[in-house]
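> my_file_22.cif is reproduced below (mmCIF, C-alpha atoms and all ligand atoms).
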```cif
data_coords
#
loop_
_atom_site.group_PDB
_atom_site.id
_atom_site.type_symbol
_atom_site.label_atom_id
_atom_site.label_comp_id
_atom_site.auth_asym_id
_atom_site.auth_seq_id
_atom_site.Cartn_x
_atom_site.Cartn_y
_atom_site.Cartn_z
ATOM 1 C CA MET A 1129 51.560 112.077 65.167
ATOM 2 C CA ALA A 1130 50.877 115.784 65.431
ATOM 3 C CA ALA A 1131 47.717 116.890 63.658
ATOM 4 C CA LEU A 1132 48.359 118.744 60.417
ATOM 5 C CA SER A 1133 47.200 122.343 60.312
ATOM 6 C CA ALA A 1134 44.425 122.736 57.735
ATOM 7 C CA ALA A 1135 44.688 126.466 57.277
ATOM 8 C CA VAL A 1136 46.844 128.513 54.930
ATOM 9 C CA VAL A 1137 49.029 130.580 57.241
ATOM 10 C CA LEU A 1138 48.959 134.206 56.083
ATOM 11 C CA ASP A 1139 52.553 135.412 55.999
ATOM 12 C CA GLY A 1140 52.321 139.032 57.117
ATOM 13 C CA LYS A 1141 56.085 139.385 57.166
ATOM 14 C CA ALA A 1142 56.407 138.459 53.490
ATOM 15 C CA VAL A 1143 53.518 140.655 52.342
ATOM 16 C CA ALA A 1144 54.778 143.547 54.484
ATOM 17 C CA ALA A 1145 58.194 143.174 52.829
ATOM 18 C CA ARG A 1146 56.494 143.543 49.422
ATOM 19 C CA VAL A 1147 54.627 146.665 50.564
ATOM 20 C CA ARG A 1148 57.837 148.099 51.972
ATOM 21 C CA ALA A 1149 59.665 147.448 48.697
ATOM 22 C CA GLU A 1150 56.914 149.394 46.863
ATOM 23 C CA VAL A 1151 57.229 152.203 49.421
ATOM 24 C CA LYS A 1152 60.999 152.349 48.944
ATOM 25 C CA VAL A 1153 60.617 152.889 45.192
ATOM 26 C CA ARG A 1154 58.058 155.658 45.785
ATOM 27 C CA VAL A 1155 60.285 157.269 48.433
ATOM 28 C CA GLN A 1156 63.210 157.369 45.975
ATOM 29 C CA ALA A 1157 61.023 158.952 43.283
ATOM 30 C CA PHE A 1158 59.732 161.521 45.794
ATOM 31 C CA GLU A 1159 63.261 162.408 46.855
ATOM 32 C CA ARG A 1160 64.443 162.784 43.238
ATOM 33 C CA GLU A 1161 61.569 165.159 42.519
ATOM 34 C CA ARG A 1162 61.499 167.172 45.715
ATOM 35 C CA GLY A 1163 65.105 167.035 46.857
ATOM 36 C CA ARG A 1164 64.145 165.737 50.283
ATOM 37 C CA PRO A 1165 62.764 162.485 51.708
ATOM 38 C CA PRO A 1166 59.206 162.148 53.022
ATOM 39 C CA GLY A 1167 59.201 162.956 56.742
ATOM 40 C CA LEU A 1168 57.277 161.225 59.531
ATOM 41 C CA ALA A 1169 57.106 162.762 63.007
ATOM 42 C CA VAL A 1170 56.588 160.048 65.611
ATOM 43 C CA VAL A 1171 55.505 161.338 69.016
ATOM 44 C CA LEU A 1172 55.926 159.073 72.042
ATOM 45 C CA VAL A 1173 54.634 160.581 75.287
ATOM 46 C CA GLY A 1174 56.050 159.058 78.469
ATOM 47 C CA ALA A 1175 57.564 155.641 78.938
ATOM 48 C CA ASN A 1176 54.905 152.979 78.332
ATOM 49 C CA PRO A 1177 57.178 149.978 77.614
ATOM 50 C CA ALA A 1178 54.922 148.382 74.975
ATOM 51 C CA SER A 1179 54.506 151.718 73.178
ATOM 52 C CA ALA A 1180 58.277 152.252 73.287
ATOM 53 C CA VAL A 1181 58.793 148.932 71.459
ATOM 54 C CA TYR A 1182 56.151 149.749 68.804
ATOM 55 C CA VAL A 1183 57.599 153.226 68.262
ATOM 56 C CA ARG A 1184 61.144 151.903 67.982
ATOM 57 C CA ASN A 1185 59.977 149.464 65.306
ATOM 58 C CA LYS A 1186 58.141 152.224 63.427
ATOM 59 C CA ARG A 1187 61.162 154.532 63.483
ATOM 60 C CA LYS A 1188 63.457 151.714 62.337
ATOM 61 C CA ALA A 1189 61.098 150.818 59.479
ATOM 62 C CA CYS A 1190 61.143 154.460 58.325
ATOM 63 C CA GLU A 1191 64.918 154.525 58.148
ATOM 64 C CA GLU A 1192 64.970 151.228 56.229
ATOM 65 C CA THR A 1193 62.659 152.582 53.531
ATOM 66 C CA GLY A 1194 64.340 155.995 53.275
ATOM 67 C CA ILE A 1195 61.612 157.938 55.102
ATOM 68 C CA ARG A 1196 63.041 160.548 57.467
ATOM 69 C CA SER A 1197 61.860 159.731 60.979
ATOM 70 C CA MET A 1198 61.630 162.653 63.379
ATOM 71 C CA ALA A 1199 61.442 161.664 67.045
ATOM 72 C CA PHE A 1200 59.570 163.673 69.675
ATOM 73 C CA ASP A 1201 59.490 162.159 73.150
ATOM 74 C CA PRO A 1202 57.795 164.515 75.621
ATOM 75 C CA PRO A 1203 57.654 163.370 79.265
ATOM 76 C CA SER A 1204 54.523 161.720 80.697
ATOM 77 C CA ASP A 1205 53.678 164.906 82.632
ATOM 78 C CA VAL A 1206 53.595 167.086 79.500
ATOM 79 C CA SER A 1207 50.560 169.372 79.602
ATOM 80 C CA GLN A 1208 47.724 169.109 77.102
ATOM 81 C CA ALA A 1209 48.526 172.661 75.941
ATOM 82 C CA ASP A 1210 52.211 171.884 75.348
ATOM 83 C CA LEU A 1211 51.402 168.676 73.472
ATOM 84 C CA LEU A 1212 48.908 170.549 71.295
ATOM 85 C CA ALA A 1213 51.526 173.237 70.672
ATOM 86 C CA LEU A 1214 53.921 170.527 69.451
ATOM 87 C CA ILE A 1215 51.224 169.159 67.119
ATOM 88 C CA ARG A 1216 50.583 172.664 65.727
ATOM 89 C CA LYS A 1217 54.303 173.119 65.123
ATOM 90 C CA LEU A 1218 54.450 169.813 63.231
ATOM 91 C CA ASN A 1219 51.313 170.713 61.242
ATOM 92 C CA ALA A 1220 53.070 173.868 60.058
ATOM 93 C CA ASP A 1221 56.441 172.246 59.278
ATOM 94 C CA PRO A 1222 56.795 171.609 55.525
ATOM 95 C CA ALA A 1223 59.403 168.878 56.137
ATOM 96 C CA VAL A 1224 56.817 166.879 58.120
ATOM 97 C CA ASP A 1225 54.459 164.941 55.849
ATOM 98 C CA GLY A 1226 53.035 162.598 58.474
ATOM 99 C CA ILE A 1227 52.337 162.870 62.200
ATOM 100 C CA LEU A 1228 51.816 159.890 64.478
ATOM 101 C CA VAL A 1229 51.064 160.182 68.189
ATOM 102 C CA GLN A 1230 51.431 156.753 69.765
ATOM 103 C CA LEU A 1231 48.429 155.647 71.831
ATOM 104 C CA PRO A 1232 47.520 155.160 74.590
ATOM 105 C CA LEU A 1233 48.466 158.534 76.032
ATOM 106 C CA PRO A 1234 49.232 158.846 79.763
ATOM 107 C CA VAL A 1235 46.245 159.413 82.038
ATOM 108 C CA GLY A 1236 45.251 163.081 82.149
ATOM 109 C CA LEU A 1237 45.796 163.765 78.450
ATOM 110 C CA ASP A 1238 42.777 163.935 76.156
ATOM 111 C CA ALA A 1239 43.647 161.705 73.199
ATOM 112 C CA ASN A 1240 40.577 162.809 71.218
ATOM 113 C CA ALA A 1241 41.575 166.465 71.419
ATOM 114 C CA ILE A 1242 45.109 165.566 70.312
ATOM 115 C CA MET A 1243 43.842 163.518 67.333
ATOM 116 C CA ASP A 1244 41.508 166.396 66.406
ATOM 117 C CA GLY A 1245 44.513 168.731 66.403
ATOM 118 C CA ILE A 1246 46.474 166.808 63.754
ATOM 119 C CA ASP A 1247 46.190 168.188 60.214
ATOM 120 C CA PRO A 1248 43.982 165.574 58.450
ATOM 121 C CA ALA A 1249 46.339 165.691 55.458
ATOM 122 C CA LYS A 1250 49.220 164.565 57.742
ATOM 123 C CA ASP A 1251 47.130 162.069 59.746
ATOM 124 C CA VAL A 1252 48.974 158.886 58.738
ATOM 125 C CA ASP A 1253 47.150 156.882 61.433
ATOM 126 C CA GLY A 1254 43.790 157.828 59.922
ATOM 127 C CA PHE A 1255 42.425 158.659 63.388
ATOM 128 C CA HIS A 1256 41.267 162.218 62.698
ATOM 129 C CA PRO A 1257 37.451 162.345 62.592
ATOM 130 C CA LEU A 1258 37.622 163.684 59.028
ATOM 131 C CA ASN A 1259 39.525 160.607 57.856
ATOM 132 C CA THR A 1260 37.220 158.323 59.867
ATOM 133 C CA GLY A 1261 34.239 160.041 58.266
ATOM 134 C CA LEU A 1262 35.656 159.727 54.761
ATOM 135 C CA LEU A 1263 36.166 155.994 55.296
ATOM 136 C CA ALA A 1264 32.615 155.694 56.649
ATOM 137 C CA GLN A 1265 31.349 157.450 53.523
ATOM 138 C CA LYS A 1266 33.137 155.035 51.146
ATOM 139 C CA ARG A 1267 35.707 157.610 49.988
ATOM 140 C CA PRO A 1268 38.751 156.719 52.059
ATOM 141 C CA HIS A 1269 41.758 159.008 52.248
ATOM 142 C CA LEU A 1270 44.326 158.120 54.953
ATOM 143 C CA ARG A 1271 43.173 154.785 56.411
ATOM 144 C CA PRO A 1272 43.926 153.330 59.874
ATOM 145 C CA CYS A 1273 46.981 151.136 59.439
ATOM 146 C CA THR A 1274 45.943 147.870 61.085
ATOM 147 C CA PRO A 1275 42.546 147.484 59.347
ATOM 148 C CA PHE A 1276 44.109 148.639 56.064
ATOM 149 C CA GLY A 1277 46.819 146.006 56.574
ATOM 150 C CA VAL A 1278 44.227 143.265 57.112
ATOM 151 C CA ILE A 1279 42.520 144.235 53.848
ATOM 152 C CA ARG A 1280 45.833 144.265 51.961
ATOM 153 C CA LEU A 1281 46.715 140.842 53.389
ATOM 154 C CA ALA A 1282 43.368 139.453 52.230
ATOM 155 C CA GLN A 1283 43.929 140.941 48.754
ATOM 156 C CA GLU A 1284 47.404 139.433 48.479
ATOM 157 C CA TYR A 1285 46.014 135.971 49.239
ATOM 158 C CA GLN A 1286 43.040 136.566 46.944
ATOM 159 C CA ILE A 1287 40.507 136.158 49.713
ATOM 160 C CA ALA A 1288 37.446 137.695 48.046
ATOM 161 C CA LEU A 1289 35.670 139.499 50.883
ATOM 162 C CA ARG A 1290 32.675 140.657 48.865
ATOM 163 C CA GLY A 1291 29.495 138.985 50.090
ATOM 164 C CA LEU A 1292 31.160 137.223 53.023
ATOM 165 C CA ARG A 1293 29.734 137.304 56.524
ATOM 166 C CA ALA A 1294 32.367 138.979 58.730
ATOM 167 C CA THR A 1295 32.529 139.292 62.504
ATOM 168 C CA VAL A 1296 34.853 141.789 64.157
ATOM 169 C CA VAL A 1297 35.454 141.133 67.849
ATOM 170 C CA GLY A 1298 36.370 144.426 69.509
ATOM 171 C CA ALA A 1299 35.095 147.922 68.753
ATOM 172 C CA SER A 1300 37.982 150.272 69.488
ATOM 173 C CA ASN A 1301 38.588 153.455 67.496
ATOM 174 C CA ILE A 1302 42.020 152.127 66.507
ATOM 175 C CA VAL A 1303 41.024 148.720 65.144
ATOM 176 C CA GLY A 1304 37.484 147.364 65.594
ATOM 177 C CA ARG A 1305 35.441 150.275 64.265
ATOM 178 C CA PRO A 1306 37.613 151.168 61.259
ATOM 179 C CA MET A 1307 37.952 147.423 60.556
ATOM 180 C CA ALA A 1308 34.180 147.172 60.271
ATOM 181 C CA LEU A 1309 34.176 150.132 57.858
ATOM 182 C CA GLU A 1310 36.968 148.585 55.771
ATOM 183 C CA LEU A 1311 35.144 145.253 55.583
ATOM 184 C CA MET A 1312 31.950 147.008 54.494
ATOM 185 C CA LEU A 1313 33.938 148.916 51.879
ATOM 186 C CA ALA A 1314 35.214 145.541 50.650
ATOM 187 C CA GLY A 1315 31.625 144.314 50.352
ATOM 188 C CA ALA A 1316 31.355 142.057 53.405
ATOM 189 C CA THR A 1317 28.290 141.850 55.656
ATOM 190 C CA VAL A 1318 29.647 142.947 59.009
ATOM 191 C CA THR A 1319 28.847 142.261 62.661
ATOM 192 C CA VAL A 1320 30.802 144.038 65.407
ATOM 193 C CA CYS A 1321 31.049 142.498 68.883
ATOM 194 C CA HIS A 1322 31.616 144.834 71.822
ATOM 195 C CA THR A 1323 31.135 144.843 75.578
ATOM 196 C CA GLY A 1324 27.352 144.841 75.115
ATOM 197 C CA THR A 1325 27.296 141.784 72.855
ATOM 198 C CA ARG A 1326 25.279 138.961 74.446
ATOM 199 C CA ASP A 1327 26.777 135.964 72.661
ATOM 200 C CA VAL A 1328 30.186 136.517 71.059
ATOM 201 C CA GLN A 1329 30.555 132.802 70.369
ATOM 202 C CA ALA A 1330 27.395 132.725 68.232
ATOM 203 C CA GLU A 1331 28.556 135.748 66.228
ATOM 204 C CA VAL A 1332 31.955 134.155 65.562
ATOM 205 C CA GLU A 1333 30.457 130.765 64.739
ATOM 206 C CA ARG A 1334 28.539 132.067 61.750
ATOM 207 C CA ALA A 1335 31.371 134.229 60.398
ATOM 208 C CA GLU A 1336 33.259 133.458 57.212
ATOM 209 C CA VAL A 1337 35.745 136.170 58.178
ATOM 210 C CA VAL A 1338 36.802 136.734 61.780
ATOM 211 C CA VAL A 1339 38.889 139.669 62.978
ATOM 212 C CA ALA A 1340 39.900 139.434 66.640
ATOM 213 C CA ALA A 1341 40.962 142.730 68.222
ATOM 214 C CA ILE A 1342 40.244 142.463 71.929
ATOM 215 C CA GLY A 1343 43.586 142.232 73.683
ATOM 216 C CA LYS A 1344 42.785 139.045 75.627
ATOM 217 C CA PRO A 1345 44.927 135.997 74.933
ATOM 218 C CA GLY A 1346 43.009 133.089 73.389
ATOM 219 C CA MET A 1347 39.595 134.683 73.931
ATOM 220 C CA VAL A 1348 38.333 133.500 70.558
ATOM 221 C CA ARG A 1349 38.261 129.738 70.933
ATOM 222 C CA GLY A 1350 39.394 127.467 68.132
ATOM 223 C CA ALA A 1351 36.164 125.476 68.319
ATOM 224 C CA TRP A 1352 34.130 128.618 67.470
ATOM 225 C CA ILE A 1353 35.784 128.987 64.045
ATOM 226 C CA ARG A 1354 33.654 127.970 61.094
ATOM 227 C CA GLU A 1355 35.279 125.468 58.703
ATOM 228 C CA GLY A 1356 37.175 127.351 55.994
ATOM 229 C CA ALA A 1357 36.879 130.804 57.601
ATOM 230 C CA ALA A 1358 39.542 133.505 57.187
ATOM 231 C CA VAL A 1359 40.860 134.423 60.636
ATOM 232 C CA PHE A 1360 42.801 137.644 61.260
ATOM 233 C CA ASP A 1361 44.280 137.934 64.743
ATOM 234 C CA VAL A 1362 45.143 141.502 65.694
ATOM 235 C CA GLY A 1363 45.958 140.700 69.341
ATOM 236 C CA ILE A 1364 49.521 140.933 70.603
ATOM 237 C CA ASN A 1365 49.616 139.681 74.193
ATOM 238 C CA ARG A 1366 52.640 138.706 76.249
ATOM 239 C CA THR A 1367 52.207 135.572 78.380
ATOM 240 C CA ALA A 1368 53.678 135.086 81.857
ATOM 241 C CA ALA A 1369 56.367 132.964 80.179
ATOM 242 C CA GLY A 1370 57.255 135.919 77.942
ATOM 243 C CA ASN A 1371 55.822 134.589 74.671
ATOM 244 C CA LEU A 1372 53.681 136.634 72.287
ATOM 245 C CA VAL A 1373 50.218 135.217 71.621
ATOM 246 C CA GLY A 1374 47.148 136.534 69.848
ATOM 247 C CA ASP A 1375 43.486 136.809 70.807
ATOM 248 C CA VAL A 1376 42.671 133.567 68.966
ATOM 249 C CA GLU A 1377 43.400 130.080 70.286
ATOM 250 C CA TYR A 1378 45.759 129.515 67.377
ATOM 251 C CA GLU A 1379 46.438 125.768 67.154
ATOM 252 C CA ALA A 1380 42.802 124.758 67.488
ATOM 253 C CA ALA A 1381 41.598 127.525 65.164
ATOM 254 C CA ALA A 1382 44.151 126.546 62.499
ATOM 255 C CA GLN A 1383 42.596 123.074 62.340
ATOM 256 C CA ARG A 1384 39.304 124.582 61.191
ATOM 257 C CA ALA A 1385 40.154 127.832 59.408
ATOM 258 C CA GLY A 1386 40.827 128.192 55.689
ATOM 259 C CA TRP A 1387 43.313 130.998 56.336
ATOM 260 C CA ILE A 1388 44.803 132.286 59.571
ATOM 261 C CA THR A 1389 47.336 134.915 60.653
ATOM 262 C CA PRO A 1390 50.021 133.838 63.132
ATOM 263 C CA VAL A 1391 51.129 135.957 66.095
ATOM 264 C CA PRO A 1392 53.772 137.222 65.716
ATOM 265 C CA GLY A 1393 54.318 137.571 61.958
ATOM 266 C CA GLY A 1394 50.734 138.133 60.792
ATOM 267 C CA VAL A 1395 48.889 141.420 61.114
ATOM 268 C CA GLY A 1396 51.635 143.177 63.160
ATOM 269 C CA PRO A 1397 54.142 143.679 60.318
ATOM 270 C CA MET A 1398 51.299 144.846 58.050
ATOM 271 C CA THR A 1399 50.438 147.697 60.447
ATOM 272 C CA ILE A 1400 53.909 149.166 60.093
ATOM 273 C CA ALA A 1401 54.014 148.606 56.313
ATOM 274 C CA MET A 1402 50.724 150.469 55.848
ATOM 275 C CA LEU A 1403 51.995 153.319 58.039
ATOM 276 C CA LEU A 1404 54.944 153.735 55.659
ATOM 277 C CA SER A 1405 52.613 153.565 52.669
ATOM 278 C CA ASN A 1406 50.299 156.187 54.228
ATOM 279 C CA THR A 1407 53.307 158.434 54.866
ATOM 280 C CA VAL A 1408 54.243 158.434 51.186
ATOM 281 C CA ASP A 1409 50.584 158.999 50.233
ATOM 282 C CA ALA A 1410 50.493 161.989 52.585
ATOM 283 C CA ALA A 1411 53.812 163.281 51.215
ATOM 284 C CA VAL A 1412 52.767 163.184 47.571
ATOM 285 C CA GLY A 1413 49.457 164.730 48.508
ATOM 286 C CA ALA A 1414 47.370 161.876 47.122
ATOM 287 C CA ARG A 1415 44.114 163.229 48.425
ATOM 288 C CA PRO A 1416 41.383 162.546 45.881
ATOM 289 C CA ALA A 1417 38.539 162.511 48.375
ATOM 290 C CA LEU A 1418 39.673 165.762 49.929
ATOM 291 C CA ALA A 1419 40.135 167.438 46.559
ATOM 292 C CA ALA A 1420 36.519 166.639 45.745
ATOM 293 C CA ARG A 1421 35.239 169.062 48.395
ATOM 294 C CA PRO A 1422 38.039 171.585 48.946
ATOM 295 C CA ALA A 1423 36.003 174.258 50.730
ATOM 296 C CA VAL A 1424 34.600 171.939 53.392
ATOM 297 C CA VAL A 1425 37.904 170.216 53.961
ATOM 298 C CA ALA A 1426 39.869 173.436 54.087
ATOM 299 C CA LYS A 1427 37.557 174.729 56.807
ATOM 300 C CA ALA A 1428 37.839 171.502 58.781
ATOM 301 C CA ALA A 1429 41.616 171.624 58.500
ATOM 302 C CA VAL A 1430 41.753 175.239 59.625
ATOM 303 C CA ARG A 1431 39.586 174.458 62.618
ATOM 304 C CA ALA A 1432 41.762 171.466 63.487
ATOM 305 C CA ASN A 1433 44.885 173.551 63.280
ATOM 306 C CA SER A 1434 43.738 176.687 65.028
HETATM 307 N N1 LIG B 1 48.493 152.125 69.581
HETATM 308 C C1 LIG B 1 48.165 150.875 69.179
HETATM 309 N N2 LIG B 1 48.076 150.819 67.838
HETATM 310 C C2 LIG B 1 48.343 152.064 67.383
HETATM 311 C C3 LIG B 1 48.403 152.616 66.075
HETATM 312 O O1 LIG B 1 48.172 151.972 65.050
HETATM 313 N N3 LIG B 1 48.732 153.950 66.028
HETATM 314 C C4 LIG B 1 48.973 154.683 67.142
HETATM 315 N N4 LIG B 1 49.271 155.964 66.986
HETATM 316 N N5 LIG B 1 48.916 154.189 68.362
HETATM 317 C C5 LIG B 1 48.615 152.877 68.472
#
```
Could you render the structure from this file as structure tokens?

Amino acid sequence: MAALSAAVVLDGKAVAARVRAEVKVRVQAFERERGRPPGLAVVLVGANPASAVYVRNKRKACEETGIRSMAFDPPSDVSQADLLALIRKLNADPAVDGILVQLPLPVGLDANAIMDGIDPAKDVDGFHPLNTGLLAQKRPHLRPCTPFGVIRLAQEYQIALRGLRATVVGASNIVGRPMALELMLAGATVTVCHTGTRDVQAEVERAEVVVAAIGKPGMVRGAWIREGAAVFDVGINRTAAGNLVGDVEYEAAAQRAGWITPVPGGVGPMTIAMLLSNTVDAAVGARPALAARPAVVAKAAVRANS
């Protein structure tokens, strides 16, 4: 007889559908008031096949919720100056509420300089240093979509993060670092594993919350998972056989975990749902943290846009 899985499987598809339904209602209200839909500019540079799939899904999700998706697909040999000029044009366009530049960028382009060039008020990825800083200072504005999605998923399943010991495996700007900030904001005690970490296994073994964001299939072993832990698998890896698998050894981990996200159908759909939610936030100008210090923010925005 097959062993029964002990863990509650966190249904990212179902929760994402709920978030998207909320977004749709807000989009309709926005359109009634303003006479136009919220607009999201999605920039895909070059032809990275994985990025093309993600971008297609993002554009499709926009259309389904009534957000106007604007596609910009410069070639992989676009110059830094031309890409920055495009960003400046989008910053200035009143029909564009959100700007997303899909990462990674082709070799030769400076992703940091491009992120710095996006108007922080239109930065629906939450990658501009101003938005990163606001999150670090416990006054989040636009929040990186994947970590924000993990937090929303935990909330929906009433996983109370406050006081829990959390280990994030991976320290990228896109997931690991903002994830650590989100978990701290939620009251967890956070450890981040990175390439300098001596014993990743030991850090995972004592965690009550594990977030795996490494990009290596099955790197977090099932046997490392503490009984009852909440496990969020951000990895999306394609095997030689063509299947999608996460960074966690799923079957074995599910025997020990209290909650676990599947791949696909866990964190992935949440990323897109939170992007849509951020786009409406940007469109309605829900910027409480920015409003608190208008002079400083205005200067930062001018610098970013000039
Ligand atoms: N590449 C991988 N994840 C992301 C994301 O959330 N946003 C962008 N812009 N690029 C990515």
> Per residue of chain A within 9 Å of ligand LIG 1 (chain B), what are the shortest atom pair and its distance in Å to one decimal, counting only C-alpha atoms and all ligand atoms, with rows by chain and residue number, as a Markdown table?

```
| residue | atom | partner | partner_atom | distance |
| --- | --- | --- | --- | --- |
| A:Val1170 | CA | B:LIG1 | N4 | 8.5 |
| A:Val1171 | CA | B:LIG1 | N4 | 8.5 |
| A:Leu1172 | CA | B:LIG1 | N4 | 8.9 |
| A:Ser1179 | CA | B:LIG1 | N1 | 7.0 |
| A:Tyr1182 | CA | B:LIG1 | N1 | 8.1 |
| A:Val1183 | CA | B:LIG1 | N5 | 8.7 |
| A:Ile1227 | CA | B:LIG1 | N4 | 8.9 |
| A:Leu1228 | CA | B:LIG1 | N4 | 5.3 |
| A:Val1229 | CA | B:LIG1 | N4 | 4.7 |
| A:Gln1230 | CA | B:LIG1 | N4 | 3.6 |
| A:Leu1231 | CA | B:LIG1 | N5 | 3.8 |
| A:Pro1232 | CA | B:LIG1 | N1 | 5.9 |
| A:Leu1233 | CA | B:LIG1 | N5 | 8.8 |
| A:Val1252 | CA | B:LIG1 | N4 | 8.8 |
| A:Asp1253 | CA | B:LIG1 | N3 | 5.7 |
| A:Gly1254 | CA | B:LIG1 | N3 | 8.8 |
| A:Phe1255 | CA | B:LIG1 | N4 | 8.2 |
| A:Pro1272 | CA | B:LIG1 | O1 | 6.8 |
| A:Cys1273 | CA | B:LIG1 | O1 | 5.8 |
| A:Thr1274 | CA | B:LIG1 | O1 | 6.1 |
| A:Ile1302 | CA | B:LIG1 | O1 | 6.3 |
| A:Val1303 | CA | B:LIG1 | N2 | 7.8 |
| A:Thr1399 | CA | B:LIG1 | O1 | 6.7 |
| A:Ile1400 | CA | B:LIG1 | O1 | 8.1 |
| A:Leu1403 | CA | B:LIG1 | O1 | 8.1 |
```
> For A:Leu1237, please output as an MDAnalysis selection string all residues within 10 Å (counting all atoms listed in the file; exclusion window: fewer than 6 positions along the same chain).
chainID A and resid 1173 1204:1209 1211
> For the residues in the current selection, export C-alpha atoms as an mmCIF file, in the frame of the given file.

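Heads up, here's the output in selection-v4.cif:
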```cif
data_model
loop_
_atom_site.group_PDB
_atom_site.id
_atom_site.type_symbol
_atom_site.label_atom_id
_atom_site.label_comp_id
_atom_site.auth_asym_id
_atom_site.auth_seq_id
_atom_site.Cartn_x
_atom_site.Cartn_y
_atom_site.Cartn_z
ATOM 1 C CA VAL A 1173 54.634 160.581 75.287
ATOM 2 C CA SER A 1204 54.523 161.720 80.697
ATOM 3 C CA ASP A 1205 53.678 164.906 82.632
ATOM 4 C CA VAL A 1206 53.595 167.086 79.500
ATOM 5 C CA SER A 1207 50.560 169.372 79.602
ATOM 6 C CA GLN A 1208 47.724 169.109 77.102
ATOM 7 C CA ALA A 1209 48.526 172.661 75.941
ATOM 8 C CA LEU A 1211 51.402 168.676 73.472
#
```
> List the residues selected by the PyMOL selection byres (((chain A and resi 1393) around 12) and not hetatm) in the file shown, writing them as an NGL selection string.
:A and (1137-1145 or 1281 or 1360-1364 or 1372-1374 or 1388-1392 or 1394-1400)
> Starting from the shown file, work through the PyMOL selection byres (((chain A and resi 1325-1330) around 10) and not hetatm) and note down what comes out as a PyMOL selection string.
chain A and resi 1295-1297+1320-1324+1331-1335+1347-1349+1351-1353
> How many Å lie between atom CA of A:Ala1308 and atom CA of A:Ser1405, rounded to one decimal?
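Distance reported for this atom pair: 20.9 Å.
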> My list of candidates is A:Arg1354, A:Ala1340, A:Arg1196, A:Gly1261. Which is closest to A:Ala1382 when distances are computed with all atoms listed in the file?
A:Arg1354
> Between atom CA of A:Ala1410 and atom CA of A:Asp1201, what is the distance, to one decimal in Å?
22.4 Å
> Please determine, counting all atoms listed in the file, which residue among A:Val1151, A:Ala1288, A:Met1312, A:Ala1169 has the shortest atom-to-atom distance to A:Pro1222.
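For A:Pro1222, the nearest of the candidates is A:Ala1169.
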> Selected by the PyMOL selection byres (((chain A and resi 1259) around 12) and not hetatm) in the shown coordinates: which residues, as JSON, numbers by chain?
{"A": [1243, 1244, 1246, 1247, 1248, 1249, 1250, 1251, 1252, 1253, 1254, 1255, 1256, 1257, 1258, 1260, 1261, 1262, 1263, 1264, 1265, 1266, 1267, 1268, 1269, 1270, 1271, 1272, 1306, 1309, 1415, 1417, 1418, 1425, 1428, 1429]}
> Could those selected residues go to a file with C-alpha atoms, as a short mmCIF file (atom, residue, chain, number, x, y, z; two decimals), keeping the file's coordinate frame?

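To be explicit, this is the file written out as out32.cif:
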```cif
data_model
loop_
_atom_site.label_atom_id
_atom_site.label_comp_id
_atom_site.auth_asym_id
_atom_site.auth_seq_id
_atom_site.Cartn_x
_atom_site.Cartn_y
_atom_site.Cartn_z
CA MET A 1243 43.84 163.52 67.33
CA ASP A 1244 41.51 166.40 66.41
CA ILE A 1246 46.47 166.81 63.75
CA ASP A 1247 46.19 168.19 60.21
CA PRO A 1248 43.98 165.57 58.45
CA ALA A 1249 46.34 165.69 55.46
CA LYS A 1250 49.22 164.56 57.74
CA ASP A 1251 47.13 162.07 59.75
CA VAL A 1252 48.97 158.89 58.74
CA ASP A 1253 47.15 156.88 61.43
CA GLY A 1254 43.79 157.83 59.92
CA PHE A 1255 42.42 158.66 63.39
CA HIS A 1256 41.27 162.22 62.70
CA PRO A 1257 37.45 162.34 62.59
CA LEU A 1258 37.62 163.68 59.03
CA THR A 1260 37.22 158.32 59.87
CA GLY A 1261 34.24 160.04 58.27
CA LEU A 1262 35.66 159.73 54.76
CA LEU A 1263 36.17 155.99 55.30
CA ALA A 1264 32.62 155.69 56.65
CA GLN A 1265 31.35 157.45 53.52
CA LYS A 1266 33.14 155.04 51.15
CA ARG A 1267 35.71 157.61 49.99
CA PRO A 1268 38.75 156.72 52.06
CA HIS A 1269 41.76 159.01 52.25
CA LEU A 1270 44.33 158.12 54.95
CA ARG A 1271 43.17 154.78 56.41
CA PRO A 1272 43.93 153.33 59.87
CA PRO A 1306 37.61 151.17 61.26
CA LEU A 1309 34.18 150.13 57.86
CA ARG A 1415 44.11 163.23 48.42
CA ALA A 1417 38.54 162.51 48.38
CA LEU A 1418 39.67 165.76 49.93
CA VAL A 1425 37.90 170.22 53.96
CA ALA A 1428 37.84 171.50 58.78
CA ALA A 1429 41.62 171.62 58.50
#
```
> With 9 Å as the threshold, what does the neighbourhood of (38.8, 140.1, 57.4) contain in terms of residues, counting only C-alpha atoms? Coordinates are those of the file; answer as a ChimeraX atom specification.
/A:1275,1278-1279,1281-1282,1287,1289,1294-1296,1307-1308,1310-1311,1316,1336-1339,1358-1360
> Could you please determine the separation between atom CA of A:Gly1356 and atom CA of A:Arg1148 in Å, to one decimal place?
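These atoms are spaced 29.6 Å apart.
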> A:Asp1221: which residues within 12 Å, counting only C-alpha atoms, same-chain residues fewer than 2 positions away excluded, as a PyMOL selection string?
chain A and resi 1167-1169+1198+1214-1219+1223-1227+1247+1250
> Hey, which of A:Pro1203, A:Gly1236, A:Pro1177, A:Pro1166 ends up closest to A:Cys1190? Count all atoms listed in the file.
A:Pro1166
> When you count only C-alpha atoms, which of these residues is closest to A:Gly1291: A:Asn1240, A:Asn1365, A:Thr1317, A:Asn1176?
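Smallest distance to A:Gly1291 is found for A:Thr1317.
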> Please work out which residues fall within 12 Å of (60.6, 154.5, 50.8), coordinates as given in the file, with all atoms listed in the file counting, and return them as a ChimeraX atom specification.
/A:1145-1160,1164-1168,1189-1197,1401-1409,1411
